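The structure appears below as structure tokens.
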Amino acid sequence: MTEVALNRPARSGASRDRAATALSLGFVTTFLMVMVGLPLAALTWEATSEGTQSFWDAVSSPESVAALKLTLVASFAVSLLNAVLGTITAWVLVRDDFRGKTVVNAIIDLPFALPTIVAGLTLLALYGPTSPVGIDVAFSRTAIVLALMFVTLPFVVRTVQPVLQELDPEIEEAAHSLGASHTRTFVRVILPNILPGILSGVALAFAKAVGEFGSLVIITGNIPFETEVSSVHIYGRIESGDSSGAAAVAVVLLAISFLTLLSIGVIRHIATRHDR
Amino acid sequence: MKGWLSRLGLRAIMLGYLAVILVGPLAIVFWRTFEDGFAPAWDALTTPETLNALKLTLIITAIAVPVNTIFGIVCALAIVRRRFRGKGLLNAFIDLPLALSPVVVGLSLFLLYGQDGWFGSWLDERGIDVLFALPSMVIATIFVSLPFVAREVVPTLREIGDEQEQAAQTLGASGWQTFWRITLPSIRWAVIYGVILTTARCLGEYGAVAVVSGRLQGQTETATLRVQERYEAFDLAGAYAISIVLALIAMLVLVAMTVIRPKEEAA
Amino acid sequence: MSILVRNVSKRFGDFVALDDVSLDVESGALTALLGPSGSGKSTLLRIIAGLETADWGEILLAGKDATALAPQKRNVGFVFQHYAAFKHMTVWENVAFGLKVRKRPKTEIAERVDELLNLVQLQNFGHRYPAQLSGGQRQRMGLARALAPEPQVLLLDEPFGALDARVRAELREWLRQLHDVVHVTTVFVTHDQDEAMEISDQIAVINHGSLEQVGSPRELYDNPASEFVMTFVGDAQPLGESLVRPHDVDLLHEPADGAVEAMIVRVTLLGRDAKVELHNAEGSEFVVLMTRDQFNAGGYWRGQTVWAQPHHERVFATSAGDLESVSS
């Protein structure tokens, strides 16, 4: 078609671009490696440094197992509670209108803004030995649930709210015009749409609950086999100088965190499959 | 009729839930703190160690927030504007601090910078104190508050698109001028919102800092660590006093979030 | 300033956006890059601006090789289809941007911005934000902004594509007038042949990444180089072996050499034209347009058999991808 004589690659602009990409990526990756990657690598190393047997011993010690069981059961229970109560809260905030709604909406974020240790202290003030309403659940498993409810409160609410907001009211109108009752509409039309939001909120709540430390330290009394969760157990081991034991249990928690993050990604992927 | 009742019912459940879990406890603490008047609370607050603790918290926050802000902006720009493989992995790493237990974070830093840690001997030789000193506390705080600015800026940046930046280029603006005059102003509300979240997280950090600081009174005690310390010393008034300060700051944060959020969404 | 495009090629993955395109843009002229969606015209414009880089080939601006030059250094003004307005700046600040970036003195900037705002008739809108302007006003601002630093080339990427039909027509005319005043080499991209025909000095027709033809509107209409150009610029339909324009067909009442037998199936009177739809022997349809006078004089009606004789028809033989044109 044409002579090739004048053809030559015009790459300089593209290479300018690539240099900038390399620079910014280099900075970001280095920062993340140093701040996040290396510490976690050191952790995993320490956990396995004395061999798998030692790792297993630390993880499967009676105290460790008790703590892990407690942590998982409590986190699971709290996540389910959040699924229900959080959805209701999101529903009321989106669908209902009343004076002071803005204030209520703002309060939801309190657990994000308030230090966990302060949260624990305030729960102790109301539900502990000095309770003005006579409820004393301090140093019990109920206290764990209370504290975890506090710190995980915003998660499901904030993941469901935007989905509910975006939901096309015409979909519900269509269901009603076809004869579906309110309950049926909710279960068959609304719920499937907000389910991914609920699930990712639950996953986030679960991850937070499993690792929660500050709010539990005061109100639970940290009684081994009774009210000691894994994070407190790890802390105890550190204090007594058993770094590799602590690291072993920590790696278990790390794995749980990873898996939870992964599941959130999967949920997101499944949720958007209808949009593709 | 039924619809109206169920609406009130739901509203009641929600308000009851929030009252029991959030508002009630906080209200009690306010009440208890000022039960005997303002003066005792003030005295408890202004002891030298407590003031030091507050100062330390502010110093750590003042370092961690700018660092994470710069990181967050550069990171968001890389993720949204650049093409490269491994974006998923990058995103996972950025989200990780949100899912990790603070104690695990603290421990991993302990194992990296401690005497028997990977960097331990290197630091020892040079007489650099990281663990049980300010540096490790700053690092821990940076770790746990890492994601916020990036996560806020990414969707905004994506939404805006890069046409304005292309226009700026054709008008003769250099890379830096384009960033400073066009890109940054267009993401400013997202950045501010992210900074607010980061600041709140830094001020409230407990677990990770508890592990790496050694909790040396007057030296490596932050405000949150001080609350715990006062409680254990049976000085409930002292613990409450600091808690009130932190709670008031938290409320300011909530107000800021409520004010900024609509601006961020409008952009 | 002249623009020389030499053998430019560009791919996006497997998709060939531009295939060995060479083009001479006349200095000082208003040139249109005309083509359907996905033809590569926008890509070519952006390569000229430096917003994209070609895989192969060169761009010469005023005779100098600009291929590797960043957009900042090319001194080209660019107007975007969706305005790319700096939302956080006022109209005044938008227009002043190119001058501020070049660190011109404040008084000079003020003068130039006022001059341009007057030129685009936005003199009372300087303090407003782009969100407060209509689409047409935003685009006029875009033009003023691009012109402020006195570029040697003005490039417009489907500048009126996001506007409604009436505003589009107004601004199109207004662009031509602006060009007559400012005299800067202007290249604009459009898929609208009316737009290209109406205001440009020179049209480059692009299809599937290749340049089909370059010429004045008249040349393209009268002497299309390919079937694509003929059907894209003006209407054309097949009649027998060739392509012919609806106005270039006579309807005769007797057979003649080269005339095709057909039956009139429908007659519509459109203002000053008459549209006659016919079916030929194989049953395929074609349309003939004539003036009302011709129609009245000719005595045509529905169901009538006539013989259609084309003028200026063109035959484009396609063999192995090559196109030759034969004129009658």
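So you can find residues: chains in the structure tokens are A, B, ... in the order shown, residues in each start at 1, and ligands are numbered from 1 in order.
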
- Message: Could you work out which residues of chain C fall inside 6 Å of chain A? Count only C-alpha atoms, and format the result as an MDAnalysis selection string.
- Response: chainID C and resid 53:57 68

Residue subset to file, keeping C-alpha atoms, as a PDB file, in the first residue's frame:
```pdb
ATOM      1  CA  THR C  53       1.041   8.769  20.742  1.00  0.00           C
ATOM      2  CA  ALA C  54       1.150   7.031  17.392  1.00  0.00           C
ATOM      3  CA  ASP C  55       2.747   3.620  17.119  1.00  0.00           C
ATOM      4  CA  TRP C  56       4.305   4.545  13.770  1.00  0.00           C
ATOM      5  CA  GLY C  57       4.688   7.695  11.731  1.00  0.00           C
ATOM      6  CA  ALA C  68       7.780  13.193  20.458  1.00  0.00           C
TER       7      ALA C  68
END
```

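Residues within 7 Å of Tyr206 (chain B), counting only C-alpha atoms and excluding same-chain residues fewer than 5 positions away, are Ile117 and Gly214 of chain A; Thr224 and Leu225 of chain B.
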
- Message: Using only C-alpha atoms and a cut-off of 7 Å, which residues of chain B sit close to chain A? Please list them as a PyMOL selection string.
- Response: chain B and resi 10-11+14+21-22+25-26+28-29+71+74-75+78+82+99-104+108-109+111-112+143+200-201+204-207+224+243+247+250+253-254+258

What are the closest atom pairs, with distances in Å to one decimal, for each residue of chain B lying within 10 Å of chain C, using only C-alpha atoms, rows by chain and rising residue number, as a Markdown table?
```
| residue | atom | partner | partner_atom | distance |
| --- | --- | --- | --- | --- |
| B:Gly161 | CA | C:Ala84 | CA | 9.5 |
| B:Asp162 | CA | C:Ala84 | CA | 8.7 |
| B:Glu163 | CA | C:Ala84 | CA | 5.4 |
| B:Gln164 | CA | C:Ala84 | CA | 4.8 |
| B:Glu165 | CA | C:Ala84 | CA | 8.3 |
| B:Gln166 | CA | C:Leu51 | CA | 7.0 |
| B:Ala167 | CA | C:Ala84 | CA | 6.5 |
| B:Ala168 | CA | C:Gly98 | CA | 7.7 |
| B:Gln169 | CA | C:Gln72 | CA | 5.2 |
| B:Thr170 | CA | C:Pro71 | CA | 5.3 |
| B:Leu171 | CA | C:Gly98 | CA | 4.8 |
| B:Gly172 | CA | C:Gln72 | CA | 4.0 |
| B:Ala173 | CA | C:Val101 | CA | 5.7 |
| B:Ser174 | CA | C:Gln72 | CA | 6.7 |
| B:Gly175 | CA | C:Gln72 | CA | 9.3 |
| B:Gln177 | CA | C:Val101 | CA | 7.5 |
| B:Thr178 | CA | C:Val101 | CA | 9.3 |
| B:Arg181 | CA | C:Phe97 | CA | 9.4 |
| B:Ile182 | CA | C:Phe86 | CA | 7.2 |
| B:Thr183 | CA | C:Phe86 | CA | 9.8 |
| B:Pro185 | CA | C:His88 | CA | 7.1 |
| B:Ser186 | CA | C:His88 | CA | 6.9 |
| B:Ala267 | CA | C:Lys87 | CA | 9.2 |
```
